[in-house]
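The file run27.txt contains compact mmCIF, C-alpha atoms:
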```txt
# COMPACT_ATOMS: atom_id res chain seq x y z
CA MET A 1 69.23 120.90 179.62
CA ALA A 2 70.19 118.86 176.55
CA LYS A 3 72.53 120.72 174.24
CA LYS A 4 70.90 119.57 171.01
CA ASN A 5 67.71 121.40 172.00
CA ASN A 6 69.59 124.58 172.72
CA PRO A 7 71.73 125.68 169.76
CA MET A 8 72.28 129.10 171.33
CA GLY A 9 73.73 127.49 174.43
CA ALA A 10 76.10 125.37 172.34
CA ALA A 11 77.29 128.46 170.46
CA LYS A 12 77.88 130.20 173.73
CA LEU A 13 79.92 127.32 175.01
CA SER A 14 82.27 127.31 172.04
CA PHE A 15 82.59 131.08 172.06
CA SER A 16 83.35 131.00 175.79
CA ALA A 17 86.20 128.60 175.13
CA ASP A 18 87.63 130.96 172.50
CA ILE A 19 87.47 133.92 174.82
CA GLY A 20 88.95 131.87 177.62
CA GLN A 21 91.98 131.02 175.54
CA PHE A 22 92.44 134.63 174.50
CA LEU A 23 92.34 135.84 178.09
CA THR A 24 94.57 133.17 179.53
CA ASP A 25 97.57 135.26 178.75
CA ASN A 26 100.77 133.24 178.76
CA ARG A 27 102.51 135.97 180.68
CA ILE A 28 99.99 135.97 183.51
CA ARG A 29 100.21 132.18 183.62
CA LEU A 30 103.98 132.48 183.74
CA LEU A 31 103.79 134.95 186.66
CA ASP A 32 101.41 132.60 188.42
CA ALA A 33 103.79 129.68 187.93
CA ILE A 34 106.79 131.70 189.16
CA GLY A 35 104.82 132.47 192.32
CA GLU A 36 104.08 128.79 192.75
CA TYR A 37 107.54 127.33 192.05
CA GLY A 38 109.90 130.16 193.01
CA SER A 39 112.08 129.26 190.05
CA LEU A 40 111.95 130.42 186.45
CA SER A 41 113.01 127.08 184.96
CA ALA A 42 110.42 125.12 186.99
CA ALA A 43 107.73 127.69 186.10
CA ALA A 44 108.64 127.47 182.39
CA ARG A 45 108.58 123.65 182.50
CA SER A 46 105.15 123.63 184.11
CA LEU A 47 103.42 125.67 181.37
CA PRO A 48 105.22 124.36 179.21
CA MET A 49 107.32 127.13 177.73
CA SER A 50 110.99 127.19 176.76
CA TYR A 51 113.35 128.66 179.33
CA LYS A 52 114.40 131.35 176.83
CA ALA A 53 110.80 132.35 176.11
CA ALA A 54 110.12 132.58 179.86
CA TRP A 55 113.28 134.61 180.41
CA ASP A 56 112.33 137.00 177.58
CA ALA A 57 108.78 137.35 178.89
CA VAL A 58 110.01 138.23 182.40
CA ASN A 59 112.40 140.86 180.97
CA ALA A 60 109.66 142.34 178.79
CA MET A 61 107.26 142.53 181.75
CA ASN A 62 109.82 144.17 184.04
CA ASN A 63 110.63 146.67 181.26
CA ILE A 64 107.07 147.90 180.81
CA SER A 65 105.97 147.78 184.42
CA ASP A 66 106.49 150.87 186.57
CA LYS A 67 107.20 148.64 189.55
CA GLU A 68 109.25 145.47 189.51
CA LEU A 69 107.21 142.32 188.97
CA VAL A 70 109.87 139.65 189.24
CA ILE A 71 113.07 139.62 191.24
CA ARG A 72 115.87 137.28 190.24
CA SER A 73 118.51 136.42 192.76
CA THR A 74 121.69 134.96 191.34
CA GLY A 75 124.21 132.72 193.05
CA GLY A 76 123.63 130.29 195.86
CA ARG A 77 123.94 126.51 195.71
CA ASN A 78 120.84 126.14 193.55
CA GLY A 79 121.79 128.91 191.17
CA GLY A 80 119.46 131.50 192.69
CA GLY A 81 115.71 131.78 192.51
CA THR A 82 112.96 133.87 190.99
CA GLN A 83 110.37 135.57 193.17
CA LEU A 84 107.24 137.58 192.54
CA THR A 85 106.97 141.01 194.12
CA PRO A 86 103.82 141.88 196.13
CA TYR A 87 102.95 144.17 193.19
CA ALA A 88 102.98 141.19 190.79
CA LYS A 89 100.73 139.19 193.14
CA LYS A 90 98.29 142.10 193.19
CA LEU A 91 98.43 142.26 189.38
CA ILE A 92 97.55 138.58 189.03
CA ASN A 93 94.58 138.92 191.39
CA MET A 94 93.34 141.97 189.55
CA TYR A 95 93.74 140.20 186.22
CA ARG A 96 91.76 137.20 187.40
CA ALA A 97 88.95 139.43 188.69
CA MET A 98 88.90 141.31 185.38
CA GLU A 99 88.82 138.05 183.46
CA VAL A 100 85.64 137.01 185.26
CA GLU A 101 84.00 140.40 184.66
CA TYR A 102 85.08 140.38 181.01
CA GLN A 103 83.63 136.93 180.45
CA ARG A 104 80.33 138.01 182.03
CA SER A 105 80.00 141.16 179.94
CA LEU A 106 80.87 139.29 176.74
CA GLU A 107 78.16 136.78 177.52
CA ARG A 108 75.66 139.61 178.01
CA LEU A 109 76.87 141.24 174.79
CA HIS A 110 76.55 137.98 172.90
CA GLN A 111 72.98 137.60 174.15
CA ALA A 112 72.08 141.14 173.07
CA MET A 113 73.72 140.68 169.66
CA ALA A 114 71.82 137.47 169.01
CA ASP A 115 68.56 139.37 169.54
CA SER A 116 69.38 142.24 167.20
CA SER A 117 68.82 142.10 163.43
CA GLU A 118 72.32 143.46 162.78
CA ALA A 119 74.07 140.33 164.01
CA MET A 120 77.84 140.62 164.29
CA ASP A 121 80.14 137.70 164.79
CA ILE A 122 81.54 138.16 168.27
CA ASN A 123 84.76 136.46 167.22
CA ASP A 124 85.30 139.00 164.40
CA PHE A 125 84.89 141.72 166.99
CA ARG A 126 87.34 140.04 169.35
CA ARG A 127 89.96 139.62 166.60
CA LEU A 128 89.66 143.29 165.68
CA MET A 129 90.04 144.36 169.31
CA THR A 130 93.16 142.22 169.62
CA ARG A 131 94.65 143.80 166.50
CA LEU A 132 93.93 147.27 167.83
CA HIS A 133 96.21 146.63 170.76
CA PHE A 134 99.69 147.95 170.21
CA ASN A 135 101.91 145.29 168.82
CA SER A 136 105.45 145.64 167.60
CA SER A 137 108.29 143.49 166.37
CA ALA A 138 110.79 145.57 168.33
CA ARG A 139 112.38 143.56 171.10
CA ASN A 140 113.03 146.40 173.48
CA GLN A 141 110.18 148.30 175.06
CA LEU A 142 110.83 150.40 178.14
CA LEU A 143 108.27 152.44 180.04
CA GLY A 144 109.38 155.87 181.19
CA VAL A 145 108.30 159.32 182.28
CA VAL A 146 109.25 162.46 180.33
CA SER A 147 111.91 164.30 182.35
CA SER A 148 113.13 166.85 179.81
CA ILE A 149 112.15 168.23 176.39
CA THR A 150 114.53 170.12 174.06
CA ILE A 151 112.85 171.64 171.02
CA GLY A 152 114.77 172.31 167.81
CA ALA A 153 113.63 173.51 164.41
CA VAL A 154 112.96 170.02 163.09
CA SER A 155 113.76 167.58 165.91
CA VAL A 156 112.75 167.34 169.51
CA ILE A 157 114.87 165.53 172.08
CA VAL A 158 112.84 163.87 174.77
CA GLU A 159 114.47 162.43 177.84
CA LEU A 160 112.64 159.61 179.58
CA LYS A 161 113.28 158.51 183.13
CA VAL A 162 113.03 154.75 182.85
CA GLY A 163 114.36 153.88 186.30
CA ASP A 164 115.87 155.60 189.33
CA ARG A 165 119.29 155.56 187.68
CA LEU A 166 118.25 155.02 184.10
CA HIS A 167 117.43 157.62 181.44
CA ILE A 168 116.84 157.22 177.72
CA SER A 169 117.14 160.00 175.19
CA ALA A 170 114.88 159.98 172.11
CA ALA A 171 115.08 162.30 169.09
CA ILE A 172 111.79 162.50 167.26
CA PRO A 173 110.45 164.82 164.53
CA LYS A 174 108.81 167.98 165.86
CA GLU A 175 105.53 167.04 164.17
CA ALA A 176 105.53 163.70 165.95
CA ALA A 177 106.14 165.43 169.30
CA GLU A 178 103.16 167.68 168.62
CA SER A 179 100.87 164.86 167.56
CA LEU A 180 101.87 162.83 170.63
CA ASP A 181 101.32 165.99 172.70
CA ILE A 182 104.46 165.29 174.70
CA GLN A 183 104.57 166.90 178.13
CA TYR A 184 106.68 166.73 181.27
CA GLY A 185 105.72 163.88 183.54
CA GLN A 186 103.90 162.04 180.77
CA GLU A 187 104.25 158.27 180.59
CA LEU A 188 105.63 156.97 177.29
CA LEU A 189 106.93 153.71 175.92
CA ALA A 190 110.41 153.83 174.37
CA VAL A 191 110.84 151.22 171.64
CA VAL A 192 114.25 150.31 170.24
CA ASN A 193 115.08 147.63 167.71
CA SER A 194 117.75 145.21 168.91
CA SER A 195 119.80 145.76 165.73
CA GLN A 196 120.14 149.50 166.40
CA MET A 197 122.46 149.08 169.37
CA ILE A 198 126.18 148.54 169.63
CA LEU A 199 128.21 147.14 172.50
CA HIS A 200 131.57 148.18 173.84
CA ALA A 201 133.47 147.17 176.91
CA ASN A 202 135.53 150.18 177.89
CA GLU A 203 135.10 153.91 178.34
CA THR A 204 138.47 154.99 177.01
CA PHE A 205 137.03 156.49 173.85
CA LYS A 206 134.22 158.94 173.23
CA LEU A 207 131.24 157.96 171.12
CA SER A 208 128.58 160.28 169.74
CA ALA A 209 125.73 157.93 170.74
CA ASP A 210 123.29 159.79 173.02
CA ASN A 211 122.43 156.68 174.97
CA GLN A 212 125.32 154.86 176.61
CA LEU A 213 123.88 152.58 179.24
CA LYS A 214 126.00 150.52 181.58
CA GLY A 215 124.99 146.95 182.16
CA ILE A 216 126.05 143.37 182.63
CA VAL A 217 125.93 140.60 180.03
CA ARG A 218 123.31 138.12 181.26
CA HIS A 219 122.66 135.87 178.27
CA ILE A 220 124.32 135.10 174.96
CA HIS A 221 122.30 133.30 172.29
CA PRO A 222 124.62 132.50 169.41
CA GLY A 223 123.30 132.08 165.87
CA ALA A 224 124.92 131.32 162.53
CA VAL A 225 125.50 134.97 161.61
CA CYS A 226 124.29 137.00 164.56
CA SER A 227 124.26 136.64 168.33
CA ASP A 228 121.56 137.88 170.63
CA ILE A 229 122.93 139.47 173.78
CA ASN A 230 120.80 140.18 176.82
CA VAL A 231 122.18 142.96 178.99
CA GLU A 232 120.82 143.73 182.44
CA LEU A 233 120.78 147.45 183.21
CA SER A 234 120.01 149.08 186.55
CA ASP A 235 116.50 149.02 188.07
CA GLN A 236 115.82 145.42 186.87
CA LYS A 237 115.53 146.67 183.28
CA SER A 238 117.21 144.90 180.41
CA LEU A 239 117.89 145.16 176.69
CA ASP A 240 118.37 142.64 173.89
CA ILE A 241 121.08 143.53 171.40
CA THR A 242 121.78 141.77 168.12
CA ILE A 243 125.39 141.85 166.96
CA THR A 244 127.27 139.67 164.50
CA GLU A 245 128.90 136.44 165.68
CA GLU A 246 132.25 137.88 164.67
CA SER A 247 131.78 140.97 166.86
CA CYS A 248 130.73 138.74 169.74
CA ALA A 249 133.96 136.73 169.41
CA GLU A 250 136.11 139.81 168.90
CA LEU A 251 134.75 141.48 172.03
CA GLY A 252 135.24 138.20 173.87
CA LEU A 253 131.82 138.56 175.48
CA VAL A 254 131.19 136.39 178.53
CA ILE A 255 128.25 136.19 180.91
CA GLY A 256 128.66 138.49 183.91
CA GLN A 257 130.90 140.92 182.06
CA PRO A 258 130.25 144.67 182.44
CA ILE A 259 129.34 146.25 179.11
CA ILE A 260 128.06 149.52 177.67
CA VAL A 261 125.04 149.51 175.34
CA SER A 262 125.03 152.48 172.96
CA PHE A 263 122.39 153.73 170.58
CA ASN A 264 121.41 157.00 168.98
CA ALA A 265 118.53 159.07 170.28
CA SER A 266 117.16 158.90 166.73
CA SER A 267 116.89 155.09 167.01
CA VAL A 268 114.29 155.39 169.76
CA ILE A 269 110.61 155.37 168.85
CA LEU A 270 108.21 156.83 171.40
CA CYS A 271 104.71 155.48 171.84
CA ARG A 272 101.83 156.87 173.76
CA TYR A 273 99.02 154.58 174.76
CA GLU A 274 95.51 155.72 175.53
CA MET B 275 138.94 150.68 170.32
CA LYS B 276 136.82 147.60 170.91
CA LEU B 277 133.34 148.08 169.59
CA SER B 278 130.73 145.62 168.33
CA ALA B 279 130.11 147.78 165.22
CA ARG B 280 131.81 146.10 162.25
CA ASN B 281 132.61 149.29 160.37
CA THR B 282 134.95 151.73 162.09
CA ILE B 283 136.40 154.02 159.45
CA ALA B 284 139.13 156.56 160.19
CA ALA B 285 138.24 159.98 158.78
CA LYS B 286 138.96 163.69 159.01
CA VAL B 287 136.29 166.29 159.82
CA LEU B 288 135.68 168.36 156.69
CA ARG B 289 132.63 170.51 157.44
CA ILE B 290 130.33 171.16 160.40
CA ASN B 291 126.79 172.45 160.08
CA GLU B 292 125.19 173.26 163.43
CA GLY B 293 121.44 173.30 163.98
CA ALA B 294 119.41 173.96 167.10
CA VAL B 295 119.37 170.34 168.23
CA ASN B 296 121.31 168.40 165.62
CA VAL B 297 124.73 168.86 164.06
CA GLU B 298 125.72 167.63 160.62
CA VAL B 299 129.34 166.50 160.43
CA VAL B 300 130.86 165.80 157.00
CA MET B 301 133.97 163.64 157.16
CA GLU B 302 136.50 162.68 154.52
CA ILE B 303 137.60 159.05 154.45
CA SER B 304 140.02 159.50 151.56
CA PRO B 305 140.39 162.31 149.00
CA GLY B 306 136.97 162.78 147.41
CA VAL B 307 135.23 160.13 149.55
CA GLU B 308 132.93 161.69 152.12
CA ILE B 309 130.67 160.32 154.78
CA VAL B 310 127.99 162.34 156.56
CA SER B 311 126.87 161.97 160.15
CA ILE B 312 124.00 163.62 162.00
CA ILE B 313 124.53 163.65 165.75
CA THR B 314 122.89 165.63 168.52
CA LYS B 315 124.40 168.92 169.62
CA HIS B 316 124.94 167.45 173.06
CA ALA B 317 127.01 164.60 171.59
CA PHE B 318 128.87 167.04 169.33
CA GLU B 319 129.94 169.20 172.27
CA ASN B 320 130.97 166.12 174.21
CA LEU B 321 133.34 165.01 171.45
CA ASN B 322 135.02 168.45 171.01
CA LEU B 323 134.85 168.06 167.23
CA GLU B 324 136.29 170.73 164.95
CA VAL B 325 137.21 170.98 161.28
CA GLY B 326 140.42 169.04 160.59
CA ALA B 327 140.03 166.77 163.63
CA GLN B 328 140.60 163.03 163.30
CA ALA B 329 137.59 160.87 164.13
CA TYR B 330 135.99 157.54 163.27
CA ALA B 331 132.78 156.93 161.40
CA VAL B 332 131.09 154.03 163.18
CA ILE B 333 128.39 152.15 161.26
CA LYS B 334 126.70 148.98 162.38
CA SER B 335 126.63 146.42 159.56
CA SER B 336 122.85 145.98 159.84
CA ASN B 337 122.48 149.69 159.00
CA VAL B 338 124.37 149.54 155.71
CA MET B 339 122.13 149.36 152.66
CA ILE B 340 123.38 147.89 149.42
CA ALA B 341 122.44 149.10 145.94
CA THR B 342 123.23 147.71 142.50
CA GLU B 343 122.69 149.12 139.04
```
Could you render the structure from this file as structure tokens?
Amino acid sequence: MAKKNNPMGAAKLSFSADIGQFLTDNRIRLLDAIGEYGSLSAAARSLPMSYKAAWDAVNAMNNISDKELVIRSTGGRNGGGTQLTPYAKKLINMYRAMEVEYQRSLERLHQAMADSSEAMDINDFRRLMTRLHFNSSARNQLLGVVSSITIGAVSVIVELKVGDRLHISAAIPKEAAESLDIQYGQELLAVVNSSQMILHANETFKLSADNQLKGIVRHIHPGAVCSDINVELSDQKSLDITITEESCAELGLVIGQPIIVSFNASSVILCRYE
Amino acid sequence: MKLSARNTIAAKVLRINEGAVNVEVVMEISPGVEIVSIITKHAFENLNLEVGAQAYAVIKSSNVMIATE
């Protein structure tokens, strides 16, 4: 069928391309590439994506997934490798299946919309749906399960179990706890800005910070004023911390060094998703 | 004390106001100069703070606001 005789078909083609791009999530493509190459740098090169962006994406995915998606092994002659877990492989397959179903239903929807008098631009709808998804500038997002709730007059302290050996304490206003309807066993996302955390190397002094998480320095990204430090915690979780260049030098931070990441319970924002 | 926070100010505990979950600790940096901290009760008990005790106010530089007139 010639396209010029079928304007509807042409519209559908261009709209399909838009939807395709939206669904081809970089992160799923990155997982796919990791599975194929068994190395993060090779996977990043193949997309292409910078190594840092790929590293950050893997950390973010491991942080919000309740099972590990990517396992990094360090050492070895080739500097270790990066492997997908069976759970990640399942996720990719499920995503691909969903993508096909999503495309089909959008096509049906587009057809129905074109017939109705109240025509709505399907791309406007798609943009709105994208915006409705939770989006945040905070670098650190960790998924956890509520393991304890302490209620005060104004504040509520919520403890989240983020990993087998990892807990995060969050202090939120009582009203917020009520509106989130926080309950034991509930799944929540803990969000912490990278500038709300401090680093220290030893345990010889006591600090009032409610969260003092032990980890290992994995990456240092120096800037003109501030440095970005990536710290690997237990359970394949990690945090990004922004400190000044001067602090970085004063602490003498080096990759592989044990470190403690501290932040107040009041610096943690809790999010519930529907 | 090696800490990434750029401001570590020696102070003396002046007043303590305990709530159900939070504790307000007022510290004196120098005569007439006070700094207030809100910490959780759990953290307060951990530090064994009492009036007259020596402590440090720790403030990350990105958390310091600046005002001019």
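For the set B:Glu302, B:Glu343, B:Glu308, B:Glu292, the residue with the smallest atom-to-atom gap to chain A is B:Glu292, counting all atoms listed in the file.
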Would you mind listing, as a PDB file with C-alpha atoms, keeping the file's coordinate frame, all residues of chain A that have at least one atom within 7 Å of chain B, where all atoms listed in the file are what counts?
```
ATOM      1  CA  GLY A 152     114.770 172.310 167.810  1.00  0.00           C
ATOM      2  CA  ALA A 153     113.630 173.510 164.410  1.00  0.00           C
ATOM      3  CA  SER A 155     113.760 167.580 165.910  1.00  0.00           C
ATOM      4  CA  SER A 195     119.800 145.760 165.730  1.00  0.00           C
ATOM      5  CA  ILE A 198     126.180 148.540 169.630  1.00  0.00           C
ATOM      6  CA  LEU A 199     128.210 147.140 172.500  1.00  0.00           C
ATOM      7  CA  HIS A 200     131.570 148.180 173.840  1.00  0.00           C
ATOM      8  CA  ALA A 201     133.470 147.170 176.910  1.00  0.00           C
ATOM      9  CA  LYS A 206     134.220 158.940 173.230  1.00  0.00           C
ATOM     10  CA  SER A 208     128.580 160.280 169.740  1.00  0.00           C
ATOM     11  CA  ALA A 209     125.730 157.930 170.740  1.00  0.00           C
ATOM     12  CA  ASP A 210     123.290 159.790 173.020  1.00  0.00           C
ATOM     13  CA  ILE A 243     125.390 141.850 166.960  1.00  0.00           C
ATOM     14  CA  SER A 247     131.780 140.970 166.860  1.00  0.00           C
ATOM     15  CA  LEU A 251     134.750 141.480 172.030  1.00  0.00           C
TER      16      LEU A 251
END
```
Item checked: Residue contacts of Ile157 of chain A (7 Å, only C-alpha atoms) excluding same-chain residues fewer than 3 positions away, as a list in words -> Ile149, Thr150, Ile151, Ser169, Ala170, Ala171 and Ile172 of chain A
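In this model, the gap between atom CA of Leu47 of chain A and atom CA of Glu107 of chain A comes to 27.9 Å.
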Margin query: Residues within 9 Å of Ile309 of chain B, please, as a PyMOL selection string. Count all atoms listed in the file; anything in the same chain fewer than 5 positions from it doesn't count.
Written below: chain B and resi 285+299-303+331
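Distances here use all atoms listed in the file; by that measure, the residue among A:Val156, A:Ala53, A:Ile182, A:Ile34 closest to Cys271 of chain A is A:Ile182.
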Long-range neighbours of Val325 of chain B as a compact mmCIF listing (two decimals) with C-alpha atoms, in the frame of the given file, 7 Å cut-off, only C-alpha atoms, 4 positions minimum in chain:
```
# COMPACT_ATOMS: atom_id res chain seq x y z
CA VAL B 287 136.29 166.29 159.82
CA LEU B 288 135.68 168.36 156.69
CA ARG B 289 132.63 170.51 157.44
CA ILE B 290 130.33 171.16 160.40
```
Next item on the list: Mind giving me the straight-line distance from atom CA of Leu30 of chain A to atom CA of Lys237 of chain A in Å, one decimal?
Entry: 18.3 Å
Next item on the list: Report the distance between atom CA of Leu188 of chain A and atom CA of Gly144 of chain A in Å, rounded to one decimal place.
Entry: 5.5 Å
Notebook entry, point to check: Which of these residues is nearest to Glu178 of chain A, using all atoms listed in the file: A:Val154, A:Met197, A:Val192, A:Leu31?
Noted result: A:Val154
Margin query: Around (108.6, 143.7, 180.8), as given in the file, which residues come within 9 Å? Count all atoms listed in the file and list them as a PyMOL selection string.
Written below: chain A and resi 56-65+68-69+140-143+237-238
Restricted to C-alpha atoms, what would the selected residues look like written as a PDB file, in the frame of the given file?
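Saved to selection22.pdb:
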```
ATOM      1  CA  ASP A  56     112.330 137.000 177.580  1.00  0.00           C
ATOM      2  CA  ALA A  57     108.780 137.350 178.890  1.00  0.00           C
ATOM      3  CA  VAL A  58     110.010 138.230 182.400  1.00  0.00           C
ATOM      4  CA  ASN A  59     112.400 140.860 180.970  1.00  0.00           C
ATOM      5  CA  ALA A  60     109.660 142.340 178.790  1.00  0.00           C
ATOM      6  CA  MET A  61     107.260 142.530 181.750  1.00  0.00           C
ATOM      7  CA  ASN A  62     109.820 144.170 184.040  1.00  0.00           C
ATOM      8  CA  ASN A  63     110.630 146.670 181.260  1.00  0.00           C
ATOM      9  CA  ILE A  64     107.070 147.900 180.810  1.00  0.00           C
ATOM     10  CA  SER A  65     105.970 147.780 184.420  1.00  0.00           C
ATOM     11  CA  GLU A  68     109.250 145.470 189.510  1.00  0.00           C
ATOM     12  CA  LEU A  69     107.210 142.320 188.970  1.00  0.00           C
ATOM     13  CA  ASN A 140     113.030 146.400 173.480  1.00  0.00           C
ATOM     14  CA  GLN A 141     110.180 148.300 175.060  1.00  0.00           C
ATOM     15  CA  LEU A 142     110.830 150.400 178.140  1.00  0.00           C
ATOM     16  CA  LEU A 143     108.270 152.440 180.040  1.00  0.00           C
ATOM     17  CA  LYS A 237     115.530 146.670 183.280  1.00  0.00           C
ATOM     18  CA  SER A 238     117.210 144.900 180.410  1.00  0.00           C
TER      19      SER A 238
END
```
Notebook entry, point to check: Nearest to Arg45 of chain A: which of A:Leu239, A:Gly163, A:Ala33, A:Tyr87 is it, counting all atoms listed in the file?
Noted result: A:Ala33
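Residue nearest Ser304 of chain B within the list B:Glu324, B:Ala341, B:Ile283, B:Asn291: B:Ile283 [criterion: smallest interatomic distance, all atoms listed in the file].
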Next item on the list: Go ahead and find all residues with at least one atom no further than 8 Å from (122.5, 159.1, 176.6) in the file's coordinates, using all atoms listed in the file; report them as a ChimeraX atom specification.
Entry: /A:167-169,209-213,262,264-265
